[in-house]
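Q: See structure22.cif below, with mmCIF, C-alpha atoms.
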```cif
data_final
#
loop_
_atom_site.label_atom_id
_atom_site.label_comp_id
_atom_site.auth_asym_id
_atom_site.auth_seq_id
_atom_site.Cartn_x
_atom_site.Cartn_y
_atom_site.Cartn_z
CA MET C 1 -6.17 -12.65 -17.67
CA ARG C 2 -9.19 -12.49 -15.39
CA ILE C 3 -8.71 -12.35 -11.66
CA ALA C 4 -11.40 -14.96 -11.16
CA ASP C 5 -9.49 -17.42 -13.37
CA LEU C 6 -6.38 -17.63 -11.18
CA ASN C 7 -5.61 -21.18 -10.13
CA GLU C 8 -4.35 -22.49 -6.80
CA THR C 9 -0.69 -22.65 -7.92
CA GLN C 10 -0.81 -19.02 -9.00
CA LEU C 11 -2.44 -17.92 -5.76
CA ASP C 12 0.19 -19.87 -3.79
CA ALA C 13 2.95 -18.20 -5.75
CA LEU C 14 1.52 -14.75 -5.00
CA ARG C 15 1.28 -15.58 -1.30
CA GLU C 16 4.87 -16.78 -1.25
CA VAL C 17 6.20 -13.77 -3.12
CA SER C 18 4.41 -11.47 -0.73
CA ASN C 19 5.65 -13.39 2.28
CA ILE C 20 9.24 -12.85 1.22
CA GLY C 21 8.68 -9.18 0.45
CA MET C 22 6.92 -8.66 3.73
CA GLY C 23 9.65 -10.52 5.61
CA HIS C 24 12.10 -7.85 4.54
CA ALA C 25 9.66 -5.10 5.38
CA ALA C 26 9.08 -6.54 8.86
CA THR C 27 12.81 -6.67 9.51
CA ALA C 28 13.08 -3.01 8.55
CA LEU C 29 10.20 -2.11 10.85
CA SER C 30 11.69 -4.17 13.70
CA GLN C 31 14.93 -2.25 13.42
CA MET C 32 13.12 1.06 13.36
CA LEU C 33 11.01 0.29 16.43
CA GLY C 34 13.57 -1.81 18.29
CA LYS C 35 10.96 -4.57 18.70
CA THR C 36 10.29 -7.88 16.98
CA VAL C 37 7.63 -7.60 14.31
CA ASN C 38 5.85 -10.81 13.31
CA LEU C 39 3.91 -11.70 10.20
CA ARG C 40 0.78 -13.69 9.64
CA VAL C 41 0.54 -15.93 6.62
CA PRO C 42 -0.35 -13.73 3.65
CA GLN C 43 -3.77 -14.04 2.10
CA VAL C 44 -4.74 -13.46 -1.47
CA LEU C 45 -8.09 -11.79 -1.30
CA VAL C 46 -10.11 -11.94 -4.46
CA THR C 47 -13.26 -10.04 -3.87
CA ASP C 48 -15.88 -7.83 -5.39
CA ILE C 49 -14.70 -4.23 -5.32
CA SER C 50 -17.79 -3.19 -3.38
CA LYS C 51 -16.74 -5.49 -0.51
CA VAL C 52 -13.22 -4.11 -0.07
CA PRO C 53 -14.11 -1.58 2.68
CA GLU C 54 -15.47 -4.47 4.78
CA LEU C 55 -12.11 -6.25 4.55
CA LEU C 56 -10.52 -3.20 6.13
CA GLY C 57 -12.75 -3.49 9.17
CA GLY C 58 -15.72 -1.54 7.84
CA ALA C 59 -16.09 1.59 5.73
CA GLU C 60 -16.52 3.85 8.74
CA LYS C 61 -13.56 2.65 10.81
CA MET C 62 -10.94 5.33 11.45
CA VAL C 63 -7.64 4.39 9.91
CA VAL C 64 -4.36 5.80 8.76
CA GLY C 65 -3.85 4.84 5.15
CA ILE C 66 -0.47 5.21 3.49
CA TYR C 67 -0.52 4.82 -0.22
CA LEU C 68 2.27 4.43 -2.78
CA GLN C 69 2.33 3.62 -6.43
CA ILE C 70 4.60 0.94 -7.75
CA LEU C 71 6.64 2.21 -10.67
CA GLY C 72 8.99 0.28 -12.90
CA SER C 73 8.62 -3.04 -14.71
CA ALA C 74 5.27 -3.78 -13.11
CA ARG C 75 2.67 -1.27 -11.95
CA GLY C 76 0.26 -1.31 -9.12
CA ASN C 77 -0.54 0.14 -5.76
CA ILE C 78 0.55 -0.48 -2.23
CA LEU C 79 -1.76 0.44 0.58
CA MET C 80 -0.88 0.18 4.23
CA ILE C 81 -3.68 0.46 6.71
CA PHE C 82 -3.08 1.11 10.38
CA PRO C 83 -6.01 1.25 12.77
CA ARG C 84 -5.96 4.67 14.43
CA GLU C 85 -4.80 3.44 17.88
CA ASN C 86 -1.94 1.53 16.32
CA ALA C 87 -0.73 4.46 14.28
CA ILE C 88 -0.62 6.48 17.50
CA ARG C 89 1.44 3.71 19.18
CA ILE C 90 3.92 3.70 16.33
CA LEU C 91 4.28 7.44 16.70
CA GLU C 92 4.83 7.13 20.45
CA LYS C 93 7.66 4.73 19.80
CA LEU C 94 9.20 6.73 17.00
CA LEU C 95 8.87 10.22 18.37
CA SER C 96 9.12 9.41 22.12
CA ARG C 97 6.77 12.12 23.24
CA GLU C 98 3.12 12.96 23.81
CA ASN C 99 1.16 12.58 20.61
CA SER C 100 -2.09 13.84 19.24
CA ARG C 101 -4.92 12.44 21.29
CA GLY C 102 -7.45 11.74 18.63
CA GLY C 103 -7.50 14.99 16.73
CA LEU C 104 -5.68 15.60 13.51
CA LEU C 105 -2.14 14.39 13.10
CA SER C 106 0.55 17.03 13.27
CA GLU C 107 2.81 17.65 10.33
CA LEU C 108 5.66 15.87 12.09
CA GLU C 109 3.45 12.85 12.82
CA VAL C 110 2.25 12.65 9.23
CA SER C 111 5.83 12.85 8.05
CA ALA C 112 6.98 10.13 10.47
CA LEU C 113 4.20 7.76 9.38
CA LYS C 114 4.93 8.39 5.71
CA GLU C 115 8.53 7.50 6.39
CA VAL C 116 7.40 4.24 8.00
CA GLY C 117 5.37 3.57 4.86
CA ASN C 118 8.28 4.43 2.65
CA ILE C 119 10.65 2.08 4.48
CA LEU C 120 8.16 -0.80 4.49
CA ALA C 121 7.32 -0.39 0.81
CA SER C 122 10.93 0.00 -0.26
CA ALA C 123 12.01 -3.12 1.62
CA TYR C 124 9.04 -5.03 0.22
CA LEU C 125 9.54 -3.95 -3.38
CA ASN C 126 13.28 -4.39 -3.23
CA ALA C 127 12.87 -8.03 -2.16
CA LEU C 128 10.14 -8.58 -4.71
CA GLY C 129 12.20 -7.01 -7.49
CA THR C 130 15.30 -9.05 -6.67
CA MET C 131 13.29 -12.24 -6.69
CA LEU C 132 11.45 -11.45 -9.91
CA LYS C 133 14.48 -9.86 -11.57
CA MET C 134 12.68 -6.62 -12.22
CA THR C 135 12.98 -3.04 -11.11
CA LEU C 136 10.21 -1.97 -8.78
CA ILE C 137 10.32 1.51 -7.32
CA PRO C 138 7.94 3.01 -4.80
CA SER C 139 6.56 6.50 -5.48
CA VAL C 140 6.56 9.16 -2.78
CA PRO C 141 4.09 8.02 -0.09
CA VAL C 142 0.91 9.94 0.63
CA LEU C 143 -1.21 9.66 3.73
CA SER C 144 -4.79 10.01 4.72
CA PHE C 145 -6.27 9.76 8.20
CA ASP C 146 -9.97 9.15 7.75
CA MET C 147 -12.72 6.57 7.31
CA ALA C 148 -11.47 3.33 5.73
CA GLY C 149 -14.01 3.55 2.92
CA ALA C 150 -12.86 7.02 1.96
CA VAL C 151 -9.20 6.09 2.16
CA VAL C 152 -9.50 3.04 -0.05
CA ASP C 153 -11.78 4.16 -2.86
CA TYR C 154 -9.03 6.07 -4.64
CA VAL C 155 -6.89 2.94 -4.73
CA LEU C 156 -9.69 0.91 -6.27
CA VAL C 157 -10.04 3.19 -9.28
CA ASP C 158 -7.41 1.35 -11.35
CA LEU C 159 -8.99 -2.02 -10.69
CA ALA C 160 -12.53 -0.79 -11.18
CA GLU C 161 -11.70 0.50 -14.64
CA VAL C 162 -11.00 -3.01 -15.91
CA GLY C 163 -13.38 -5.13 -13.87
CA ASP C 164 -15.53 -5.59 -10.82
CA GLN C 165 -13.11 -7.73 -8.88
CA SER C 166 -10.09 -6.77 -6.86
CA LEU C 167 -7.07 -8.85 -6.05
CA MET C 168 -5.22 -7.88 -2.93
CA VAL C 169 -2.30 -9.69 -1.41
CA GLU C 170 -2.68 -8.92 2.26
CA THR C 171 -0.19 -9.46 5.05
CA GLU C 172 -0.88 -8.57 8.63
CA PHE C 173 2.09 -7.66 10.78
CA PHE C 174 2.15 -7.23 14.52
CA GLU C 175 4.43 -6.74 17.44
CA ASP C 176 4.39 -9.33 20.22
CA ASP C 177 2.12 -7.32 22.49
CA GLU C 178 -0.06 -6.31 19.51
CA GLN C 179 0.54 -2.63 20.22
CA VAL C 180 1.72 -2.12 16.72
CA LYS C 181 -0.13 -3.79 13.94
CA GLY C 182 -1.20 -3.04 10.47
CA HIS C 183 -2.15 -4.44 7.11
CA PHE C 184 -0.03 -4.31 4.02
CA PHE C 185 -1.86 -4.64 0.70
CA LEU C 186 -0.31 -5.20 -2.68
CA LEU C 187 -2.72 -4.39 -5.48
CA PRO C 188 -1.12 -5.15 -8.83
CA ASP C 189 -3.03 -3.86 -11.82
CA THR C 190 -4.20 -6.53 -14.23
CA PRO C 191 -1.36 -6.34 -16.81
CA SER C 192 1.19 -6.33 -13.98
CA LEU C 193 -0.37 -9.35 -12.38
CA GLN C 194 0.36 -11.15 -15.60
CA ILE C 195 3.95 -9.84 -15.64
CA ILE C 196 4.50 -10.98 -12.05
CA LEU C 197 3.06 -14.45 -12.67
CA GLU C 198 5.20 -14.79 -15.76
CA ALA C 199 8.33 -13.81 -13.82
CA ILE C 200 7.57 -16.46 -11.19
CA GLY C 201 6.98 -18.96 -13.98
CA VAL C 202 3.38 -19.79 -13.16
CA LEU C 203 1.54 -17.76 -15.80
CA HIS C 204 0.37 -20.89 -17.51
CA GLY C 205 -0.43 -22.88 -14.41
CA MET N 1 -33.39 10.50 14.99
CA SER N 2 -36.63 9.71 16.74
CA CYS N 3 -38.85 8.65 13.88
CA MET N 4 -36.37 7.33 11.37
CA GLY N 5 -37.68 4.70 8.99
CA GLU N 6 -35.92 1.59 7.88
CA VAL N 7 -32.26 2.19 7.06
CA THR N 8 -30.73 0.60 3.98
CA ILE N 9 -26.97 0.58 3.60
CA ILE N 10 -25.64 1.30 0.15
CA GLY N 11 -22.21 -0.17 -0.54
CA LEU N 12 -19.51 1.01 -2.90
CA SER N 13 -20.77 0.95 -6.51
CA GLU N 14 -24.33 0.20 -5.42
CA TYR N 15 -27.57 2.16 -5.37
CA GLY N 16 -30.87 1.81 -3.58
CA LEU N 17 -34.41 3.18 -3.56
CA ALA N 18 -36.50 4.29 -0.60
CA ALA N 19 -39.93 5.74 0.08
CA ALA N 20 -40.74 7.88 3.14
CA PRO N 21 -39.87 7.31 5.96
CA GLY N 22 -37.00 5.15 4.67
CA VAL N 23 -33.38 6.19 4.97
CA LEU N 24 -30.53 5.34 2.64
CA LEU N 25 -27.08 5.34 4.19
CA THR N 26 -23.63 5.09 2.67
CA TYR N 27 -20.35 5.11 4.58
CA GLY N 28 -16.99 6.62 3.83
CA LEU N 29 -17.17 8.46 0.52
CA GLY N 30 -13.69 9.61 -0.47
CA SER N 31 -13.21 10.41 -4.13
CA CYS N 32 -16.44 8.50 -4.67
CA ILE N 33 -19.66 10.46 -4.74
CA GLY N 34 -23.07 9.99 -3.22
CA ILE N 35 -25.82 11.00 -5.63
CA ALA N 36 -29.33 11.45 -4.32
CA LEU N 37 -32.34 11.82 -6.61
CA TYR N 38 -35.69 12.73 -5.10
CA ASP N 39 -39.31 13.19 -6.07
CA PRO N 40 -40.64 15.57 -3.38
CA GLU N 41 -44.29 14.97 -4.26
CA LEU N 42 -44.10 11.20 -3.92
CA ARG N 43 -41.44 11.43 -1.20
CA ARG N 44 -39.49 8.72 -2.88
CA GLY N 45 -35.81 8.81 -3.73
CA SER N 46 -32.63 6.98 -4.57
CA LEU N 47 -29.02 7.12 -3.43
CA ALA N 48 -25.97 5.79 -5.27
CA HIS N 49 -22.32 5.47 -4.20
CA THR N 50 -20.26 5.69 -7.39
CA LEU N 51 -16.55 5.18 -7.96
CA LEU N 52 -15.68 6.14 -11.54
CA PRO N 53 -16.75 9.24 -13.47
CA THR N 54 -17.94 7.82 -16.73
CA ALA N 55 -18.56 4.56 -18.47
CA HIS N 56 -17.54 6.15 -21.77
CA ASP N 57 -13.85 5.69 -20.95
CA VAL N 58 -14.34 1.99 -20.62
CA ALA N 59 -14.34 -0.20 -23.68
CA ALA N 60 -16.56 -3.06 -22.68
CA ILE N 61 -19.11 -3.08 -19.92
CA ALA N 62 -20.85 -6.36 -19.35
CA VAL N 63 -23.60 -5.05 -17.12
CA LYS N 64 -24.88 -1.58 -16.37
CA THR N 65 -23.66 -0.80 -12.92
CA ALA N 66 -23.76 1.99 -10.39
CA LYS N 67 -19.96 1.85 -10.31
CA PHE N 68 -20.02 4.66 -12.88
CA THR N 69 -21.41 8.06 -12.00
CA ASP N 70 -23.13 8.66 -15.34
CA LEU N 71 -24.58 5.16 -15.59
CA ALA N 72 -25.77 5.25 -11.98
CA ILE N 73 -27.81 8.38 -12.72
CA ASP N 74 -29.37 6.75 -15.79
CA ILE N 75 -30.25 3.65 -13.76
CA MET N 76 -31.69 5.61 -10.84
CA VAL N 77 -33.85 7.78 -13.11
CA GLU N 78 -35.15 4.67 -14.85
CA GLU N 79 -35.92 2.89 -11.58
CA LEU N 80 -37.57 5.91 -9.97
CA VAL N 81 -39.78 6.47 -13.02
CA LYS N 82 -40.66 2.77 -12.98
CA SER N 83 -41.71 3.11 -9.35
CA GLY N 84 -44.10 5.93 -10.20
CA CYS N 85 -41.98 9.08 -9.91
CA ALA N 86 -42.30 11.77 -12.57
CA LYS N 87 -38.96 12.51 -14.21
CA GLY N 88 -39.88 16.20 -14.39
CA ARG N 89 -40.23 16.37 -10.60
CA LEU N 90 -36.85 14.83 -9.78
CA VAL N 91 -34.26 16.93 -7.98
CA ALA N 92 -30.69 16.03 -7.07
CA LYS N 93 -28.10 16.47 -4.34
CA LEU N 94 -24.44 15.45 -4.34
CA ALA N 95 -21.82 14.75 -1.69
CA GLY N 96 -18.23 13.47 -1.85
CA GLY N 97 -15.70 13.82 -4.64
CA ALA N 98 -12.84 14.58 -2.26
CA SER N 99 -9.10 14.34 -2.91
CA MET N 100 -8.05 12.15 -0.03
CA PHE N 101 -4.33 12.34 -0.60
CA ASP N 102 -1.88 15.21 -0.83
CA THR N 103 -2.04 17.89 -3.45
CA GLU N 104 0.87 16.61 -5.52
CA TYR N 105 -1.15 13.48 -6.19
CA ARG N 106 -4.28 15.23 -7.32
CA SER N 107 -3.10 15.42 -10.88
CA PHE N 108 -2.25 11.73 -10.91
CA ARG N 109 -5.60 10.57 -12.20
CA GLY N 110 -6.76 14.04 -13.15
CA ASN N 111 -8.34 14.39 -9.70
CA ILE N 112 -10.79 11.54 -9.79
CA GLY N 113 -13.02 13.15 -7.14
CA GLN N 114 -13.50 16.30 -9.17
CA ARG N 115 -14.08 14.27 -12.32
CA ASN N 116 -16.83 12.36 -10.52
CA VAL N 117 -18.49 15.62 -9.54
CA ASP N 118 -18.19 17.03 -13.07
CA SER N 119 -19.59 13.85 -14.57
CA ALA N 120 -22.56 13.93 -12.18
CA ARG N 121 -23.34 17.58 -12.97
CA LYS N 122 -23.15 16.91 -16.68
CA SER N 123 -25.30 13.83 -16.51
CA LEU N 124 -27.92 15.57 -14.35
CA ALA N 125 -28.02 18.49 -16.77
CA GLY N 126 -28.48 16.01 -19.61
CA HIS N 127 -31.54 14.59 -17.85
CA GLY N 128 -32.81 18.09 -17.02
CA ILE N 129 -32.67 17.34 -13.29
CA PRO N 130 -31.94 20.40 -11.13
CA LEU N 131 -29.03 20.09 -8.71
CA LEU N 132 -30.37 21.66 -5.52
CA ALA N 133 -27.29 21.42 -3.32
CA GLU N 134 -23.91 19.77 -3.05
CA ASP N 135 -21.15 19.27 -0.52
CA THR N 136 -18.20 18.17 -2.60
CA GLY N 137 -14.41 18.43 -2.77
CA GLY N 138 -12.06 18.92 0.14
CA ASP N 139 -9.69 16.27 1.47
CA TYR N 140 -11.87 14.37 3.89
CA GLY N 141 -14.26 11.41 3.85
CA ARG N 142 -18.01 11.71 4.17
CA THR N 143 -20.77 9.43 5.38
CA VAL N 144 -24.15 10.29 3.91
CA GLU N 145 -27.69 9.69 5.15
CA PHE N 146 -30.49 10.43 2.74
CA HIS N 147 -33.98 10.78 4.21
CA ALA N 148 -36.83 9.96 1.86
CA SER N 149 -39.33 11.70 4.18
CA SER N 150 -37.71 15.10 3.72
CA GLY N 151 -35.28 14.81 0.82
CA LEU N 152 -32.57 15.96 3.22
CA MET N 153 -29.04 14.68 3.04
CA ILE N 154 -27.09 14.59 6.30
CA ILE N 155 -23.33 14.55 5.84
CA LYS N 156 -21.04 13.31 8.59
CA SER N 157 -17.28 13.68 8.61
CA ILE N 158 -14.66 12.89 11.20
CA GLN N 159 -13.20 16.33 11.67
CA LYS N 160 -16.23 18.44 10.81
CA PRO N 161 -19.63 19.07 12.32
CA ASN N 162 -22.57 17.37 10.63
CA LYS N 163 -23.99 19.23 7.69
CA THR N 164 -27.49 19.05 6.25
CA ILE N 165 -28.22 19.95 2.67
#
```
In structure tokens, what does this structure look like?
A:
Amino acid sequence: MRIADLNETQLDALREVSNIGMGHAATALSQMLGKTVNLRVPQVLVTDISKVPELLGGAEKMVVGIYLQILGSARGNILMIFPRENAIRILEKLLSRENSRGGLLSELEVSALKEVGNILASAYLNALGTMLKMTLIPSVPVLSFDMAGAVVDYVLVDLAEVGDQSLMVETEFFEDDEQVKGHFFLLPDTPSLQIILEAIGVLHG
Amino acid sequence: MSCMGEVTIIGLSEYGLAAAPGVLLTYGLGSCIGIALYDPELRRGSLAHTLLPTAHDVAAIAVKTAKFTDLAIDIMVEELVKSGCAKGRLVAKLAGGASMFDTEYRSFRGNIGQRNVDSARKSLAGHGIPLLAEDTGGDYGRTVEFHASSGLMIIKSIQKPNKTI
């Protein structure tokens, strides 16, 4: 299966699957923050690997990246990207106190953000797994607060080993006043993409 | 930078060439590395931003690409020689190869950043190109400017002062 060969039905199916997964994740985040969290329509981004940093707002943009591996019946990566200001807002809401003002994140802040990542990914994968009748488990989350280009390159390694194109299912979520927003990326590896499409019943168009 | 020449941005898995006073710039190296090759006599050089250590692990490669550290060095040497540089005069500098995520993950892919650095060193040694300086490892991203007028590499990071090698 080549990423470039995916047809419209398959792309639609991936968008829909991600929408359901993200719906659960947004509910979990809403409960955590006590605010409504909305979703934009998911996009399936098929792009050259070298262009991925641009999709994240530019290679030099400061972001918090939370990364988890998907373990179980299908493998892949989940990457959540929060622009720096938004990560700080989430922390203000969660920790109800003065936060770091632009320097490094404290250990408590890192831990709180990882927990946010863990909850989002677990809700997402749980919904996805139920729908696809497979077991999908998130690994322990890890976090990096740095330039987007530096945060993402590690995640691209799996994809780069098999081709020059990346497939990312991206969903943007935001609170009504846009104080909290972020991007959730599902990056299935190529064999898993096939497994997922087969489970949805659209592997052969 | 008062008298900086034209700046060319090098994206992920790309490389570029420049002659003095040109500048090659690449943003946000994490586990990727920035490899600069330079001919000090001609004041001409090349910078690559590579993602994977070696093409040898990969069964089929359609085109030679700067995605791979070892292939990128081969390509840059070839291009620099084609543009008039003497292979025997080339020198190298490296930056990047960090482990962006926590320690427990470093073993996950055998520390991809370190493997990139090792692959670059090995490949440079194979070409007989001296490695003059490097700023590698750590857990932070780097933006690299390579100046063809001086052969200097300026490394910028978020939490650290700029460094010149």
Q: Within 8 Å of chain N, which residues of chain C come that close, and what is the closest atom pair and distance in Å for each? Count only C-alpha atoms and give it as a Markdown table.
A:
```
| residue | atom | partner | partner_atom | distance |
| --- | --- | --- | --- | --- |
| C:Ile49 | CA | N:Leu12 | CA | 7.5 |
| C:Ser50 | CA | N:Leu12 | CA | 4.6 |
| C:Lys51 | CA | N:Leu12 | CA | 7.5 |
| C:Ala59 | CA | N:Gly28 | CA | 5.5 |
| C:Glu60 | CA | N:Gly28 | CA | 5.7 |
| C:Gly103 | CA | N:Gln159 | CA | 7.7 |
| C:Leu104 | CA | N:Gln159 | CA | 7.8 |
| C:Val142 | CA | N:Phe101 | CA | 5.9 |
| C:Leu143 | CA | N:Phe101 | CA | 6.0 |
| C:Ser144 | CA | N:Phe101 | CA | 5.8 |
| C:Asp146 | CA | N:Gly141 | CA | 6.2 |
| C:Met147 | CA | N:Gly28 | CA | 5.5 |
| C:Ala148 | CA | N:Gly28 | CA | 6.7 |
| C:Gly149 | CA | N:Gly28 | CA | 4.4 |
| C:Ala150 | CA | N:Gly30 | CA | 3.6 |
| C:Val151 | CA | N:Gly30 | CA | 6.3 |
| C:Val152 | CA | N:Gly30 | CA | 7.8 |
| C:Asp153 | CA | N:Gly30 | CA | 6.3 |
| C:Tyr154 | CA | N:Ser31 | CA | 6.0 |
| C:Val157 | CA | N:Leu52 | CA | 6.8 |
| C:Ala160 | CA | N:Leu52 | CA | 7.6 |
| C:Glu161 | CA | N:Val58 | CA | 6.7 |
| C:Val162 | CA | N:Val58 | CA | 7.6 |
```
Q: May I have the residues within 8 Å of Gly22 of chain N as a list in words, using only C-alpha atoms and disregarding those fewer than 3 positions away in the same chain?
A: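 Selected residues are Met4, Gly5, Glu6, Val7, Thr8, Ala18, Ala19, His147, Ala148 and Ser149 of chain N.
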Q: Would you save the residues from that selection as a PDB file, keeping the file's coordinate frame, using C-alpha atoms?
A:
```
ATOM      1  CA  MET N   4     -36.370   7.330  11.370  1.00  0.00           C
ATOM      2  CA  GLY N   5     -37.680   4.700   8.990  1.00  0.00           C
ATOM      3  CA  GLU N   6     -35.920   1.590   7.880  1.00  0.00           C
ATOM      4  CA  VAL N   7     -32.260   2.190   7.060  1.00  0.00           C
ATOM      5  CA  THR N   8     -30.730   0.600   3.980  1.00  0.00           C
ATOM      6  CA  ALA N  18     -36.500   4.290  -0.600  1.00  0.00           C
ATOM      7  CA  ALA N  19     -39.930   5.740   0.080  1.00  0.00           C
ATOM      8  CA  HIS N 147     -33.980  10.780   4.210  1.00  0.00           C
ATOM      9  CA  ALA N 148     -36.830   9.960   1.860  1.00  0.00           C
ATOM     10  CA  SER N 149     -39.330  11.700   4.180  1.00  0.00           C
TER      11      SER N 149
END
```
Q: Considering all atoms listed in the file, return as a list of chain:residue names whatever protein or nucleic-acid residues lie within 9 Å of Leu159 of chain C, sequence-local ones (same chain, fewer than 3 positions apart) excluded.
A: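 Near neighbours after the sequence-gap exclusion: C:Ile49, C:Val155, C:Leu156, C:Val162, C:Gly163, C:Asp164, C:Gln165, C:Ser166, C:Leu167, C:Leu187, C:Pro188, C:Asp189, C:Thr190.
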Q: Just checking: using all atoms listed in the file, which residue out of C:Leu68, C:Ile90, C:Leu105, C:Ile3 ends up closest to Phe174 of chain C?
A: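 So, comparing all the options, the nearest one is C:Ile90.
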Q: Atom CA of Met22 of chain C and atom CA of Gly201 of chain C are how many Å apart?
A: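 According to the coordinates, atom CA of Met22 of chain C and atom CA of Gly201 of chain C are separated by 20.5 Å.
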Q: Carefully work through the PyMOL selection byres ((chain C and resi 82-88) around 12) for this structure and note down the residues it includes, as a compact mmCIF listing (two decimals) with C-alpha atoms, keeping the file's coordinate frame.
A:
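Writing done, so here's expr-v7.txt:
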```txt
# COMPACT_ATOMS: atom_id res chain seq x y z
CA LEU C 56 -10.52 -3.20 6.13
CA GLY C 57 -12.75 -3.49 9.17
CA GLY C 58 -15.72 -1.54 7.84
CA GLU C 60 -16.52 3.85 8.74
CA LYS C 61 -13.56 2.65 10.81
CA MET C 62 -10.94 5.33 11.45
CA VAL C 63 -7.64 4.39 9.91
CA VAL C 64 -4.36 5.80 8.76
CA GLY C 65 -3.85 4.84 5.15
CA ILE C 66 -0.47 5.21 3.49
CA TYR C 67 -0.52 4.82 -0.22
CA LEU C 79 -1.76 0.44 0.58
CA MET C 80 -0.88 0.18 4.23
CA ILE C 81 -3.68 0.46 6.71
CA ARG C 89 1.44 3.71 19.18
CA ILE C 90 3.92 3.70 16.33
CA LEU C 91 4.28 7.44 16.70
CA GLU C 92 4.83 7.13 20.45
CA LYS C 93 7.66 4.73 19.80
CA LEU C 94 9.20 6.73 17.00
CA LEU C 95 8.87 10.22 18.37
CA SER C 96 9.12 9.41 22.12
CA ARG C 97 6.77 12.12 23.24
CA GLU C 98 3.12 12.96 23.81
CA ASN C 99 1.16 12.58 20.61
CA SER C 100 -2.09 13.84 19.24
CA ARG C 101 -4.92 12.44 21.29
CA GLY C 102 -7.45 11.74 18.63
CA GLY C 103 -7.50 14.99 16.73
CA LEU C 104 -5.68 15.60 13.51
CA LEU C 105 -2.14 14.39 13.10
CA SER C 106 0.55 17.03 13.27
CA GLU C 109 3.45 12.85 12.82
CA VAL C 110 2.25 12.65 9.23
CA ALA C 112 6.98 10.13 10.47
CA LEU C 113 4.20 7.76 9.38
CA LYS C 114 4.93 8.39 5.71
CA VAL C 116 7.40 4.24 8.00
CA GLY C 117 5.37 3.57 4.86
CA LEU C 143 -1.21 9.66 3.73
CA SER C 144 -4.79 10.01 4.72
CA PHE C 145 -6.27 9.76 8.20
CA ASP C 146 -9.97 9.15 7.75
CA MET C 147 -12.72 6.57 7.31
CA ALA C 148 -11.47 3.33 5.73
CA VAL C 151 -9.20 6.09 2.16
CA GLU C 172 -0.88 -8.57 8.63
CA PHE C 173 2.09 -7.66 10.78
CA PHE C 174 2.15 -7.23 14.52
CA GLU C 175 4.43 -6.74 17.44
CA ASP C 177 2.12 -7.32 22.49
CA GLU C 178 -0.06 -6.31 19.51
CA GLN C 179 0.54 -2.63 20.22
CA VAL C 180 1.72 -2.12 16.72
CA LYS C 181 -0.13 -3.79 13.94
CA GLY C 182 -1.20 -3.04 10.47
CA HIS C 183 -2.15 -4.44 7.11
CA PHE C 184 -0.03 -4.31 4.02
CA PHE C 185 -1.86 -4.64 0.70
```
Q: Would you please work out which residue, of N:Leu80, N:Ile9, N:Val91, N:Leu24, is nearest to Pro130 of chain N when using all atoms listed in the file?
A: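 Checking each candidate against Pro130 of chain N, we get N:Val91 as the closest.
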Q: Name the residues that the PyMOL selection byres ((chain N and resi 16) around 6) pulls out of this structure, and write them as a compact mmCIF listing (two decimals) with C-alpha atoms, in the coordinates of the input.
A:
```
# COMPACT_ATOMS: atom_id res chain seq x y z
CA TYR N 15 -27.57 2.16 -5.37
CA LEU N 17 -34.41 3.18 -3.56
CA SER N 46 -32.63 6.98 -4.57
CA LEU N 47 -29.02 7.12 -3.43
```
Q: Distance atom CA of Ala120 of chain N-atom CA of Asn162 of chain N, one decimal place?
A: 23.1 Å
Q: Choose the residue, out of N:Glu41, N:Asp74, N:Glu145, N:Glu134, that has the smallest atom-to-atom separation from Val117 of chain N; count only C-alpha atoms.
A: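 Going through N:Glu41, N:Asp74, N:Glu145, N:Glu134 one by one, the smallest distance to Val117 of chain N is for N:Glu134.
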Q: Would you mind telling me which residue in C:Ala74, C:Val46, C:Asn7, C:Gly34 lies nearest to Gln194 of chain C when using all atoms listed in the file?
A: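 Among the listed residues, the smallest separation from Gln194 of chain C belongs to C:Ala74.
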